[in-house]
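Student: Sharing a structure with you now.
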Amino acid sequence: MYRSAVYDEPLLNELVSSKKEKIKPLGILPDSLKRNEKINIPDIDETQVVRHFHHLSQMNYGIDSGIYPLGSCTMKYNPKICGEIASWDGFAGTNPYQDVSTIQGNLQVMFELERMLCEITGMDYFSLQPAAGAQGEFLGMLLTRAYHEFNKDFERNEIILPDTSHGTNPASAAMAGYKLVEISSAKEGTVDLDVLEKTLSEKTACFMLTNPNTLGIFESEILEISKIVHDTGALLYYDGANMNAIMGKVRPGDMGFDIVHLNLHKTFATPHGGGGPGSGPVGVKMKLEKFLPVPRVCKNKKDYFFDYNAPESIGKIKGHYGNFSVLLKAYVYILMMGRDGLRESSEIAVLNSNYMKKKLLDSGRYELPYKELRKHEFVLSCEKLKQEKNVRALDVAKRLLDYGFHPPTIYFPLIVKEALMIEPTESESKEDLDRYVDALIKISDEKPEIVKNAPGNTPVKRVDDVGATKKPILTWNMI
Amino acid sequence: MYRSAVYDEPLLNELVSSKKEKIKPLGILPDSLKRNEKINIPDIDETQVVRHFHHLSQMNYGIDSGIYPLGSCTMKYNPKICGEIASWDGFAGTNPYQDVSTIQGNLQVMFELERMLCEITGMDYFSLQPAAGAQGEFLGMLLTRAYHEFNKDFERNEIILPDTSHGTNPASAAMAGYKLVEISSAKEGTVDLDVLEKTLSEKTACFMLTNPNTLGIFESEILEISKIVHDTGALLYYDGANMNAIMGKVRPGDMGFDIVHLNLHKTFATPHGGGGPGSGPVGVKMKLEKFLPVPRVCKNKKDYFFDYNAPESIGKIKGHYGNFSVLLKAYVYILMMGRDGLRESSEIAVLNSNYMKKKLLDSGRYELPYKELRKHEFVLSCEKLKQEKNVRALDVAKRLLDYGFHPPTIYFPLIVKEALMIEPTESESKEDLDRYVDALIKISDEKPEIVKNAPGNTPVKRVDDVGATKKPILTWNMI
Amino acid sequence: MKFIPNSAIKDTMLKEMGINDIEELFSDIPKKIGIKKLDMPKGLSQQDTEQRLRGIANKNKSFYDGVSFLGGGIKPHYIPSVVKSIISRAEFYTAYTPYQSEASQGFLQAMFEYQSMIAELTGMDISNCSLYGGFTALAEAALMCTRISRKKTFVIPQNISWEKKSILNNYAKGPGIEVKEVSYDVKTGKIDLEELKKHVDENTSGIYIENPNFFGVFEDKVDEISGIVKDTGSLFVVGIDPISLGVTKSPGEYGADIVIGEGRSFGNPMDFGGSSLGIFACKKEYLRQMPGRIIGITKDADDKRAFCMAFQTREQHIRRGRATSNICTNEGLCALAAVSYLSWLGGNGLEELSRINFEKGQKLAESIELLDGFEGMFSGVHFNEFVIKCSNDVNKVNKKLLKKDIQGGLVLDTWHPELKNCMLFGITERHADADIERLVSALKEVSHV
Amino acid sequence: MKFIPNSAIKDTMLKEMGINDIEELFSDIPKKIGIKKLDMPKGLSQQDTEQRLRGIANKNKSFYDGVSFLGGGIKPHYIPSVVKSIISRAEFYTAYTPYQSEASQGFLQAMFEYQSMIAELTGMDISNCSLYGGFTALAEAALMCTRISRKKTFVIPQNISWEKKSILNNYAKGPGIEVKEVSYDVKTGKIDLEELKKHVDENTSGIYIENPNFFGVFEDKVDEISGIVKDTGSLFVVGIDPISLGVTKSPGEYGADIVIGEGRSFGNPMDFGGSSLGIFACKKEYLRQMPGRIIGITKDADDKRAFCMAFQTREQHIRRGRATSNICTNEGLCALAAVSYLSWLGGNGLEELSRINFEKGQKLAESIELLDGFEGMFSGVHFNEFVIKCSNDVNKVNKKLLKKDIQGGLVLDTWHPELKNCMLFGITERHADADIERLVSALKEVSHV
Ligand SMILES: Cc1ncc(COP(=O)(O)O)c(C=O)c1O
Ligand SMILES: Cc1ncc(COP(=O)(O)O)c(C=O)c1O
C-alpha cells in the first residue's frame, strides 16, 4: 500500500497577510530611486517557514522516495557524500575572482575533472562552463560556427538532426541561428544512412546525434555515419546527456564525434534539485580546441592558473567557470567509482533496462517498435491499450503514481505512438524493477475507468494542465 | 485535509535476505574468541538504505510537521542554526581526552553556559554532566545524600513528593535508595501546606517539587513551603524540566530551592531526536557545591581548565562531560535569545496556554479541574465526554491525529480523570492554536464511533499497544 | 559494487533473461571501437574520497580563512541554516523537473511562490522560475526583445561586466542582433544620456541599463531613460541587484518592460561563481515570448487548487526549433533557496538587509577615500560596491594585502583599460566593522611601501 | 521576536481574552520574588551568533587539525554522509519519544531494527533501544543483577575505566550494592582468574568483564570465567566494543547473560564525549527486569503489522517508584545513527571494519614497540588500543608531540598509579599509514630530547 502525504498548505501570503506599508526612504538615494512602499513579502516567523516547506516537501517525489525511471533523464541515486563535500566552506565559500594562489584546490578539481571527462569520452579537451545540457548544445553550435568561419566556410547554415532527437537539440541549433533539417529514422529506429547521405551537402554545418539514441538503440553504423558526415566537411555532434549507457564500453571520441556535451547532473550523480542547477560540459577534438570558451584551467609545473590567452575563443557562455558545485560532485563521484565502477554502472544500467523490457514484452501488454536490443532505456508503445480500451500513455503514467512509482517519460520520442520511455538506471534493485513491471501489467488489466481517473493516492487528483494556460494565474497577485 | 504518507516498508532483513555464512577466522585472535559465522546483518546497497529510512521518516511526526502540544514535554521549535553549529568538525570532532590547550573553545562554551544557567535559575553552580532530566534528578538525590551524610545526618531516608509529580521523580529517588512519601494535592491543585507540614520530619531528606507543577499551576505559597522544608533540615528540590514557563519572570533560586535540574532538550531548543540525546544539568546553592561531580570547568586568568580537585565530590554520573552537542545547542540558543528573548518566550508560552484554555473552557466541552490561572500548560478532563458518550481521553487523542495534529499528553497527572495535558509552547501561531481548539471542539461533537475508531489518516490504524506485551516480538528473529 | 544493487545478482538476472554474458547486451557496438577499460584509477572508498577532498579543500582559502572585499557581483551573504535545511530535504533535492504535477505539488507551489516574490520585488507582473544566471538572463532578454519587436539592435551601456557582454554577443549571433555599447560618464560612472540618445533609433529592439551598475553606481536618470526607450518604441530592460530593491524603487515603477538579475545572493553560496540564479521577470503582455519555465495555478479533477507547469507550448520539448528558449534544466534548487530565504527574511528583513548593505558600502568607501593614495573614482551614489583609484600599482597593493589574508578589490584594467590602477570593492552584511578597520589599516601600511 | 510567532499579535490575543496586561498571567507569582529582567546581554542575530561560534570553534583543535592517537574508548570513526542525512531528517530529528505509535511508525520501526541488530551482534535474545551511554549501561546492569538475583555484591575487574567505576559506585549506593574489584595480571593485562575466584561467593549478583578491556586487551579465558559465574549462580555481564564484534565471538556464544557497551562509534561523532549510546542487551528471560525502553511488534485495528513501545509497565511513567529504571529521555537519535550506520555497513562491512581496526592496532603497536624508549606493557592480544610504557616522562613526550600537532596516547597514571609513564594508544580505520609514520618519526625525535 502506498499513499502520499497530503497537506492543505496555504500559499505564504495566505499564511500571514501582509499589507502595503510606507517605508522610511533612504536619504542618500536620489529621489528618482527612493522606494516608498515596503516590499510586499509576508513577514513570517522561522517556525512557520520551516513547517511550510516541510509540508511542501512531503508532497514531492524524488529519487530518494522511489524508482524514477524517466527516460532521457537518468534519475539514478546520487551518493550523499557528493553533496556533503560540495557544501564545505572550503569550496562553497570561495569567490571566483580570488587571487589564483588562494583557489588552487578548485582549479585542481577543474583540471582533473577535464582530464577524467576526456578519458571517459575519448575527446581531447573540455570546457566545463555550460550550465546544463542545452547550454552545452548551444555552445557546441557556437563552436561549429566558429570552426567553419575560421575555415572561411561561410555557407554552412544547416544542422541535420534525426526525428528522434531531444527537443533541446533543435532549440539550441535554432538559437545559434541555424536552419534545421530533420531526417526520419530507418525502420530499425536508427539513422537512415541513405536519407542522411542525401541530406548532407556543402550547406551542412553539423549532424547532431545521440548514441544510443532516444529510443535506447545504439547506432551500430556510427563509423559509416561519421565517415559520410566528415566527407562533406560537416562536423559530427554527440548529445551525451545519456553517457550512462556506455561508460567504459565505447567512447564518442572513438566513434568519430567532434563535439560532445555531457550532462553531469544525469550520469555523474548530481541530484536534479527539482530542475537544476546542472552542468553540461562540452568536449572537443583537437581541431576545435582554440575556439573553446575562456578561461581554461592550465598547469605550469606546480601551479594551476586560468588561461585567458585564446584569440580564437568564442569568449564566454556563462558567468565565471560553470556551476562549480556540480563539477565538484561529478569529480567526487568519478573518484569514487573509478574505472571499474563506471563500467559496471553502465553494464547494470543496460542490464536493468533489457531485463524490464523483456519482462514487459513477455507480458504481451505493451509493444516495442523497432529493434530489440536496447541500451539504458527502451520505449514501449501503449497503442494496443489505446485501441482496445482507450487507455492512453498518460493514463498509464498517472495510474503508476497510485502504486507509489514515478512514471516514465511519455510521448517522446515523437516517432513512437503513445510512448512510454523507460530508463531504470543501475541504481534500482531487481525487486523494484519487478514491482514496477508488475504494476504496469496490472494497470493494463485494470478497468479503464480506474486508470483514466487516476491518480487518487497523490496530494491532488489528476491535474488539468491545460487549465493553467487558459486562464493564467502565475503569481499570487493574479489569483 | 490532512493525510500521512504510507509505505509498506519491509524490515531491513526482509528487504534483502542474508544467510548464515562462515567467515575466515582472524588468525591472531585466541581460539576462544574467534568468530565463526558472519554477523547476520543484511548487506544492502546505499541506495536502498536511503530509501528505507526516507520512507520511515515520512511515517513519523515531528515538531517540524506541526503543532505538538505534549504537556510536560515542551515541544517547541528548535532553531536550525543550533544543530548546524553543533555539527561543525571544530566541535563534533573533538575528543574529551585531548590536551586542554586544544579544547579551549569547548571549555569556554561549558563555562559560559554554566554562568548563563545560574543567572536564569538563580542558582550558584551547575553541573552539566547528566544526560537527561531523570539523570539530573538522580544526581540531585545523590547530592542530597552526600549533603546529609557530610552533615552526619544519617537518618534522612525519605523523599516527599506531591501526587502530581512526574514519574521520573519517584523513580529517581527510589534508585538513589530513598523511601518515597507521596502527598496529595490541595483542592486548588497545589501543595497542601498542612499535609506537607505533617509529613515533614527529621527523616525527610528532600522535598521534590515542580513549579509550575504538572497541572501548570504556579505554587504561590512557595516561600512558605521553602521555609517549612528548610526548618526541618530537609532540602528543597526543583524539577526544572519546564523552565519554559518562568524564564525572566521568577527563579527557582529565589524561591528557595537548593537543587534544580533543567531539561536543555525541552526549554533550550535541542530537538528530542525521537527520544534523546538530552541534557539535564543540575544547579545547586553554594552549600552543595563541593559535592558536584568532577570535573568542573574553571578559568585562571586566560585559560580554562578541568578541575578534578574536589575531595567531597560524588565523582561521576555520566562519562566525560555530558552530552556536549546538547550543551552547545543550548548555549547557542541562549546567546541568540538573550535576556529579552527568553522572557518573551516564557510570556508567550503562558499566553498561548491560557488562550487555548479559555477558548476550550468557553466551548463547554471540556472541564478544568482546579485553579484557573495556568502557566505554560493546562490539564483538561474529558470526564464529561466519557460519561455522556463513552469517549475517552485516548479516543480524543487518536482522533486528533486524523486532523493532522499531535495529541496532548494523556492520563497525566494522575489526579485528573481522563486528563488531556496541553502545552502549546511559544512557537505556535495563533492560527494553529485556533485550529487545534476547533478540532478539539469538533471531536467532542463527532459521533462516538468515529472518534473511537480513529485514527484513519495515519500509516496504521489504532495500534494495539497491549498486544506487544502479550506476545513479545522484540527483534526480527522473534517474528 | 557501490550504488549498484544488482551488481551482486547480475548473473541470476542474465540467466533469467537467457543471456550468457553481459557482453551480449553490448553486441551492437562495433568491435573496432569497443574498449576494455578506461585509463583511470580504481575507485576510492567514501572514507578515502572524503580524506582526499579535505586535502584539496585545504588548498583553497575561503571567505572564512581571511576577509575579502572583492566586488564584481559575487560577495558573501549570510545563509540562514533554515535555507540549507530546506533545500537539503531529499524530496526537493532529488526530484526532477516537475513533469508529473500530481507528484510534484510541493516543488511547484514553492516555484509559484518564488515567481510571486520576484514579481513583487521587480514590480513586474510575472516571473519565470529561473534561468541559468544573471548573465544569460540578459542575453535571453535581448533575444526576447527581438522576438517581440522584430528589430535587431540591442543597446547596452559600457558600465556592465565584460563577461556579460561576451555572453550577450554569443547569444546575439543566432538571430543576428547587433549589440551597441553606450559609453559612460567618466566622472559619475553613470550611462551617458547624450550618447544613449545617439545610439537608439527605429531599429532598436531594447535598451538595457543596470541598477546599480557594474561600478556599483546607481543610474538615477531612470525616468529620462525610460522616456528615451518609449520614444523609440523599444523595450526597457533593467538589471538589478535584488538586495538593493529593499530600499530602491522597483524597475516596474520606472517603466521597465523586462527585469533581469542574478539571484545567487538570496540564500545561495558564492560557490566559486556557480549556483547562479537567473532572475527573469516581465510584463504580462510578453508572457508568450518569455524564455524558461513558468508555473501556474489550475484545478485537479476534484476542482481543488493545483499547481503545474504552464505555457509549455513555448518550450523546447513541445515546440522544438521554434521554442522561446532551449532551457530544459534550469536552476531549480537555487530558486528554492531564494524563496526559502525570502520567506525567512520577509519584507521587513529585506528592507533592513538592503539598508545595511547600503550603509556598509558608504562606510567602507568613506574610510578608504580618507586614506592617502586612494580616491573614489565616480561621484554617483553607490550601493555596496564602488571603484577606488590607487596611486600605486594596484596589483602590488593586492599582493601585499593577500599576505595579511585580505583579498582586496577586483582589479579592473584588464577589461577596462581606462580604469588603470582601479579596484572594485565590495562589502555586505557579513563584514563586521572590525573587518573594515582591518582593511583600512592594512591599506595604510601597504600604500606607503 | 525570534521563533515566537505570536509576539507580533500578543495585544490582540490579550484583548480577545479580556486581559489588559500580560503581567496578569503572572499574578500568581509572589511579588517578592518576581524579577524584572535577567542579567545577561540582549540576543544576537543568527549571523552574529554564527560568527561568534566560529571564533569559539577556532579555539579548538579537532581531529581534522592534526592527528590523534588517544585511546580510552573515544576515537574518530568514519561517519558516512548517508547517516548524517538520515538523522537530520526533521521527522526523526524533531520528534518526541514515540508515545503515539500511529504517528511514530517510522521511528519505532527503526528502533525495532536497531534492537534486532544489537541482539544479533551481541548474541543476546533482546536489546533495549538505548541507555545514556556505555558507562551507565554497566551501572544499570549491576542494578538489574541485583533485581534478578536479590544479591548485593557485584564483581568487576580493575582493568576498566575509572569513570565507569565511579558511576557504578554512584548507582550502587541506592540498593546498597557492594562493588568488588578484582586485580589484573600485570603481565598480560587480563583479569586475574585466581583473584576472581577469591572474590565471588554466594552473595555475588553478577560478574563483569570487558572484551577488549580498558587496556585494549582481550579477555580470552571467557569459558573459564563463564564457568566461574555459573558456579556461583550469578549473572555474567560482558562489556564490548561493538566494532570488535565483526571478528570476535559474540558474548552470547560464551555464556553472557547481559551485554553492555558504548555504541557511539556506530555513526556518531566523538562530540567531546557526548552523543553517547548505551547498548544494553540480555537474554529474554530477564525481559521484565530490563531498564529503558523496548519496541515491539503488534497489530493495528486492521490486523496490520504495527510497532509500539512494549512492556511500558516496567517504566517510570507507569510504575513510578517501582520502575526498572528512571529512564525517560534516552539516546534515540544516536541509536538511529547506529541503525543507519549498520544498515549502510552491512554484515560484510562490519567484518571488514573490524579487521581493519584490528590490523591497524597491531601495526601501530609493532611500530612503536620497535622504537628505543617505548615498550609494550601487556602481552595479551589487543584490539585497536594498547598500552605503551615510555622510558621518559610521558607528559613531556605528549607536550612535544603536541607541538607537531600530534595528540599522543592517553596518560594513565592519574587513575592507575601502577602504570607510571604509560600511555594508552588508540587507532582506527580513519588513520592512514602516513599518520602512523608521522607519529613514529615524531616519537623517535622526542624520545631523545
Ligand atoms: C538526450 C538529451 N539531450 C539534452 C538534454 C538537455 O539537458 P538539460 O536539461 O541539462 O538542458 C536532455 C535532458 O533532458 C536529454 O535527455
Ligand atoms: C516534569 C518533568 N520532569 C522530569 C522529566 C524527565 O526528563 P527526561 O525525559 O529528560 O529524563 C520530564 C520529561 O518528560 C518532565 O516533564
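All residue names refer to the C-alpha cells as shown: chains lettered A, B, ... in order, residues numbered from 1 in each chain, ligands numbered from 1 in order.
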Would you mind listing, for every residue of chain A within 9 Å of chain D, the two atoms forming the shortest contact and the distance between them in Å to one decimal, using only C-alpha atoms, sorted by chain and ascending residue number, as JSON lines?

Tutor:
```
{"residue": "A:Ile44", "atom": "CA", "partner": "D:Pro5", "partner_atom": "CA", "distance": 7.5}
{"residue": "A:Asp45", "atom": "CA", "partner": "D:Pro5", "partner_atom": "CA", "distance": 5.3}
{"residue": "A:Glu46", "atom": "CA", "partner": "D:Phe3", "partner_atom": "CA", "distance": 5.9}
{"residue": "A:Thr47", "atom": "CA", "partner": "D:Phe3", "partner_atom": "CA", "distance": 5.8}
{"residue": "A:Gln48", "atom": "CA", "partner": "D:Pro5", "partner_atom": "CA", "distance": 7.9}
{"residue": "A:His54", "atom": "CA", "partner": "D:Ala90", "partner_atom": "CA", "distance": 8.3}
{"residue": "A:Pro79", "atom": "CA", "partner": "D:Val82", "partner_atom": "CA", "distance": 8.0}
{"residue": "A:Lys80", "atom": "CA", "partner": "D:Ser81", "partner_atom": "CA", "distance": 5.5}
{"residue": "A:Ile81", "atom": "CA", "partner": "D:Ser81", "partner_atom": "CA", "distance": 5.0}
{"residue": "A:Cys82", "atom": "CA", "partner": "D:Ser81", "partner_atom": "CA", "distance": 8.6}
{"residue": "A:Gly83", "atom": "CA", "partner": "D:Ser81", "partner_atom": "CA", "distance": 8.7}
{"residue": "A:Glu84", "atom": "CA", "partner": "D:Ser81", "partner_atom": "CA", "distance": 6.7}
```

Student: Taking only residues of chain D that have an atom at most 8 Å from an atom of chain C, what is each one's shortest atom pair and its distance in Å to one decimal, using only C-alpha atoms, in chain and number order, as a Markdown table?

Tutor:
```
| residue | atom | partner | partner_atom | distance |
| --- | --- | --- | --- | --- |
| D:Gln46 | CA | C:Pro80 | CA | 7.3 |
| D:Gln47 | CA | C:Tyr78 | CA | 6.4 |
| D:Tyr78 | CA | C:Gln47 | CA | 6.4 |
| D:Pro80 | CA | C:Gln46 | CA | 7.3 |
| D:Arg89 | CA | C:Arg89 | CA | 7.5 |
| D:Arg430 | CA | C:Gln47 | CA | 7.6 |
```

Student: Using only C-alpha atoms and all ligand atoms, which residues have at least one atom no more than 8 Å from ligand 1? Output them as a ChimeraX atom specification.

Tutor: /A:71-74,131-137,165-169,210,213-214,239-242,263,265,275-276,278-280 /C:326-330

Student: List the spatial neighbours of region 304-317 of chain A as a compact mmCIF listing (two decimals) with all heavy atoms, in the first residue's frame - criterion: any atom at most 8 Å away, only C-alpha atoms, same-chain residues fewer than 5 positions off excluded.

Tutor:
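New file around-v4.txt:
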```
# COMPACT_ATOMS: atom_id res chain seq x y z
N VAL A 100 44.59 33.76 -7.60
CA VAL A 100 44.69 32.38 -8.02
C VAL A 100 45.46 31.51 -7.02
O VAL A 100 45.24 30.31 -6.91
CB VAL A 100 45.27 32.30 -9.45
CG1 VAL A 100 46.76 32.57 -9.42
CG2 VAL A 100 44.95 30.99 -10.12
N GLN A 104 43.74 27.18 -5.48
CA GLN A 104 44.41 26.07 -6.16
C GLN A 104 43.60 24.78 -6.06
O GLN A 104 43.63 23.94 -6.96
CB GLN A 104 45.83 25.89 -5.59
CG GLN A 104 46.79 27.00 -6.00
CD GLN A 104 47.09 26.96 -7.49
OE1 GLN A 104 47.51 25.94 -8.02
NE2 GLN A 104 46.86 28.06 -8.17
N LEU A 107 40.92 24.83 -8.73
CA LEU A 107 41.50 24.67 -10.06
C LEU A 107 41.94 23.23 -10.29
O LEU A 107 41.80 22.70 -11.40
CB LEU A 107 42.65 25.66 -10.26
CG LEU A 107 42.20 26.98 -10.91
CD1 LEU A 107 41.25 27.74 -10.03
CD2 LEU A 107 43.38 27.85 -11.30
N GLN A 108 42.44 22.62 -9.25
CA GLN A 108 42.81 21.21 -9.37
C GLN A 108 41.60 20.35 -9.72
O GLN A 108 41.65 19.48 -10.60
CB GLN A 108 43.45 20.72 -8.06
CG GLN A 108 43.85 19.26 -8.12
CD GLN A 108 44.41 18.75 -6.80
OE1 GLN A 108 44.78 19.52 -5.91
NE2 GLN A 108 44.46 17.43 -6.66
N GLN A 129 32.13 25.06 -18.71
CA GLN A 129 31.35 26.26 -18.44
C GLN A 129 29.83 26.12 -18.54
O GLN A 129 29.11 26.71 -17.74
CB GLN A 129 31.85 27.38 -19.35
CG GLN A 129 31.65 28.75 -18.79
CD GLN A 129 32.41 29.79 -19.61
OE1 GLN A 129 31.86 30.37 -20.52
NE2 GLN A 129 33.68 29.99 -19.31
N PRO A 130 29.31 25.37 -19.49
CA PRO A 130 27.84 25.40 -19.66
C PRO A 130 27.06 24.96 -18.42
O PRO A 130 27.48 24.06 -17.69
CB PRO A 130 27.61 24.43 -20.82
CG PRO A 130 28.88 24.44 -21.59
CD PRO A 130 29.96 24.57 -20.55
N LEU A 139 26.55 25.86 -26.94
CA LEU A 139 27.99 26.10 -27.09
C LEU A 139 28.54 25.28 -28.25
O LEU A 139 29.34 25.79 -29.06
CB LEU A 139 28.72 25.75 -25.79
CG LEU A 139 30.25 25.76 -25.86
CD1 LEU A 139 30.77 27.13 -26.31
CD2 LEU A 139 30.86 25.40 -24.51
N LEU A 142 27.87 27.08 -31.31
CA LEU A 142 28.74 28.24 -31.48
C LEU A 142 30.13 27.80 -31.93
O LEU A 142 30.77 28.47 -32.75
CB LEU A 142 28.86 29.01 -30.16
CG LEU A 142 27.60 29.72 -29.65
CD1 LEU A 142 27.90 30.37 -28.29
CD2 LEU A 142 27.12 30.78 -30.64
N LEU A 143 30.57 26.68 -31.40
CA LEU A 143 31.89 26.17 -31.80
C LEU A 143 31.87 25.74 -33.26
O LEU A 143 32.82 25.97 -34.03
CB LEU A 143 32.30 24.99 -30.91
CG LEU A 143 32.53 25.31 -29.43
CD1 LEU A 143 32.74 24.03 -28.62
CD2 LEU A 143 33.72 26.25 -29.25
N ALA A 146 32.08 28.82 -35.26
CA ALA A 146 33.43 29.39 -35.20
C ALA A 146 34.39 28.59 -36.09
O ALA A 146 35.23 29.15 -36.82
CB ALA A 146 33.93 29.40 -33.76
N LYS A 290 40.88 25.60 -30.03
CA LYS A 290 41.15 27.04 -29.92
C LYS A 290 39.89 27.89 -29.81
O LYS A 290 39.97 29.06 -29.43
CB LYS A 290 42.02 27.52 -31.08
CG LYS A 290 41.50 27.22 -32.48
CD LYS A 290 42.44 27.87 -33.49
CE LYS A 290 42.30 27.31 -34.91
NZ LYS A 290 42.68 25.90 -35.05
N PHE A 291 38.75 27.29 -30.12
CA PHE A 291 37.50 28.08 -30.06
C PHE A 291 36.81 28.01 -28.69
O PHE A 291 35.85 28.72 -28.43
CB PHE A 291 36.53 27.60 -31.14
CG PHE A 291 37.16 27.52 -32.50
CD1 PHE A 291 37.36 26.31 -33.15
CD2 PHE A 291 37.58 28.69 -33.14
CE1 PHE A 291 37.96 26.24 -34.40
CE2 PHE A 291 38.18 28.64 -34.40
CZ PHE A 291 38.37 27.41 -35.03
N LEU A 292 37.29 27.12 -27.86
CA LEU A 292 36.62 26.92 -26.56
C LEU A 292 36.55 28.21 -25.75
O LEU A 292 37.41 29.08 -25.88
CB LEU A 292 37.36 25.84 -25.75
CG LEU A 292 37.19 24.39 -26.21
CD1 LEU A 292 38.04 23.45 -25.36
CD2 LEU A 292 35.71 23.96 -26.18
N PRO A 293 35.54 28.30 -24.89
CA PRO A 293 35.37 29.50 -24.06
C PRO A 293 36.59 29.74 -23.17
O PRO A 293 37.31 28.81 -22.82
CB PRO A 293 34.16 29.18 -23.19
CG PRO A 293 33.41 28.14 -23.92
CD PRO A 293 34.42 27.36 -24.70
N VAL A 294 36.79 30.97 -22.80
CA VAL A 294 37.78 31.33 -21.80
C VAL A 294 37.10 31.39 -20.45
O VAL A 294 35.91 31.65 -20.39
CB VAL A 294 38.45 32.69 -22.11
CG1 VAL A 294 39.43 32.54 -23.22
CG2 VAL A 294 37.40 33.77 -22.38
N PRO A 295 37.84 31.24 -19.34
CA PRO A 295 39.21 30.80 -19.30
C PRO A 295 39.30 29.29 -19.26
O PRO A 295 38.36 28.62 -18.89
CB PRO A 295 39.69 31.38 -17.96
CG PRO A 295 38.49 31.28 -17.08
CD PRO A 295 37.31 31.52 -17.99
N ARG A 296 40.46 28.74 -19.65
CA ARG A 296 40.74 27.32 -19.45
C ARG A 296 41.67 27.19 -18.26
O ARG A 296 42.46 28.08 -17.98
CB ARG A 296 41.44 26.73 -20.70
CG ARG A 296 40.83 27.11 -22.04
CD ARG A 296 39.77 26.11 -22.49
NE ARG A 296 40.21 24.75 -22.23
CZ ARG A 296 41.10 24.09 -22.97
NH1 ARG A 296 41.61 24.64 -24.05
NH2 ARG A 296 41.46 22.86 -22.65
N VAL A 297 41.58 26.07 -17.58
CA VAL A 297 42.47 25.85 -16.44
C VAL A 297 43.71 25.11 -16.93
O VAL A 297 43.61 24.06 -17.55
CB VAL A 297 41.79 25.01 -15.35
CG1 VAL A 297 42.76 24.74 -14.20
CG2 VAL A 297 40.55 25.71 -14.84
N CYS A 298 44.87 25.70 -16.68
CA CYS A 298 46.12 25.08 -17.09
C CYS A 298 47.05 24.93 -15.90
O CYS A 298 46.75 25.43 -14.81
CB CYS A 298 46.81 25.94 -18.15
SG CYS A 298 45.79 26.13 -19.62
N LYS A 299 48.17 24.28 -16.13
CA LYS A 299 49.08 24.00 -15.03
C LYS A 299 50.49 24.26 -15.51
O LYS A 299 50.86 23.85 -16.60
CB LYS A 299 48.94 22.52 -14.66
CG LYS A 299 49.54 22.17 -13.33
CD LYS A 299 49.33 20.71 -13.01
CE LYS A 299 50.09 20.38 -11.73
NZ LYS A 299 49.91 19.01 -11.30
N THR C 136 23.23 35.15 -18.45
CA THR C 136 22.47 34.67 -19.61
C THR C 136 21.06 35.27 -19.60
O THR C 136 20.41 35.34 -20.65
CB THR C 136 22.35 33.13 -19.65
OG1 THR C 136 21.57 32.67 -18.54
CG2 THR C 136 23.71 32.47 -19.64
N GLU C 163 32.11 40.04 -18.97
CA GLU C 163 31.63 38.67 -19.16
C GLU C 163 30.22 38.68 -19.71
O GLU C 163 29.85 37.90 -20.58
CB GLU C 163 31.64 37.91 -17.84
CG GLU C 163 33.02 37.72 -17.24
CD GLU C 163 33.01 36.64 -16.16
OE1 GLU C 163 32.67 35.48 -16.47
OE2 GLU C 163 33.33 36.97 -15.01
N SER C 166 30.26 39.50 -23.30
CA SER C 166 30.72 38.40 -24.13
C SER C 166 29.60 37.38 -24.32
O SER C 166 29.35 36.90 -25.43
CB SER C 166 31.94 37.75 -23.46
OG SER C 166 32.33 36.61 -24.19
N ILE C 167 28.90 37.09 -23.26
CA ILE C 167 27.81 36.13 -23.35
C ILE C 167 26.69 36.67 -24.24
O ILE C 167 26.16 35.98 -25.12
CB ILE C 167 27.27 35.81 -21.94
CG1 ILE C 167 28.35 35.06 -21.14
CG2 ILE C 167 25.97 35.02 -22.00
CD1 ILE C 167 28.08 34.96 -19.66
N ASN C 170 27.53 36.33 -27.80
CA ASN C 170 27.39 34.96 -28.29
C ASN C 170 25.93 34.60 -28.55
O ASN C 170 25.60 33.95 -29.54
CB ASN C 170 28.01 33.98 -27.29
CG ASN C 170 29.49 33.78 -27.56
OD1 ASN C 170 29.91 33.74 -28.72
ND2 ASN C 170 30.27 33.66 -26.50
```

Student: Hey, could you make a per-residue contact list for chain D against ligand 2 with 12 Å as the cut-off, showing the nearest pair of atoms and its distance in Å to one decimal, counting only C-alpha atoms and all ligand atoms, sorted by chain and number, as JSON lines?

Tutor:
```
{"residue": "D:Tyr96", "atom": "CA", "partner": "ligand 2", "partner_atom_place_in_ligand_line": "14 (O)", "distance": 9.7}
{"residue": "D:Thr97", "atom": "CA", "partner": "ligand 2", "partner_atom_place_in_ligand_line": "9 (O)", "distance": 8.9}
{"residue": "D:Tyr99", "atom": "CA", "partner": "ligand 2", "partner_atom_place_in_ligand_line": "14 (O)", "distance": 11.3}
{"residue": "D:Leu131", "atom": "CA", "partner": "ligand 2", "partner_atom_place_in_ligand_line": "11 (O)", "distance": 11.1}
{"residue": "D:Tyr132", "atom": "CA", "partner": "ligand 2", "partner_atom_place_in_ligand_line": "11 (O)", "distance": 10.1}
{"residue": "D:Gly292", "atom": "CA", "partner": "ligand 2", "partner_atom_place_in_ligand_line": "11 (O)", "distance": 11.0}
{"residue": "D:Arg293", "atom": "CA", "partner": "ligand 2", "partner_atom_place_in_ligand_line": "9 (O)", "distance": 11.9}
{"residue": "D:Glu315", "atom": "CA", "partner": "ligand 2", "partner_atom_place_in_ligand_line": "11 (O)", "distance": 11.8}
{"residue": "D:Gln316", "atom": "CA", "partner": "ligand 2", "partner_atom_place_in_ligand_line": "6 (C)", "distance": 9.7}
{"residue": "D:His317", "atom": "CA", "partner": "ligand 2", "partner_atom_place_in_ligand_line": "14 (O)", "distance": 8.9}
{"residue": "D:Arg320", "atom": "CA", "partner": "ligand 2", "partner_atom_place_in_ligand_line": "4 (C)", "distance": 11.7}
{"residue": "D:Ser325", "atom": "CA", "partner": "ligand 2", "partner_atom_place_in_ligand_line": "11 (O)", "distance": 10.7}
{"residue": "D:Asn326", "atom": "CA", "partner": "ligand 2", "partner_atom_place_in_ligand_line": "11 (O)", "distance": 7.4}
{"residue": "D:Ile327", "atom": "CA", "partner": "ligand 2", "partner_atom_place_in_ligand_line": "11 (O)", "distance": 5.9}
{"residue": "D:Cys328", "atom": "CA", "partner": "ligand 2", "partner_atom_place_in_ligand_line": "9 (O)", "distance": 4.1}
{"residue": "D:Thr329", "atom": "CA", "partner": "ligand 2", "partner_atom_place_in_ligand_line": "9 (O)", "distance": 3.7}
{"residue": "D:Asn330", "atom": "CA", "partner": "ligand 2", "partner_atom_place_in_ligand_line": "11 (O)", "distance": 7.3}
{"residue": "D:Glu331", "atom": "CA", "partner": "ligand 2", "partner_atom_place_in_ligand_line": "10 (O)", "distance": 10.1}
{"residue": "D:Gly332", "atom": "CA", "partner": "ligand 2", "partner_atom_place_in_ligand_line": "9 (O)", "distance": 11.4}
```
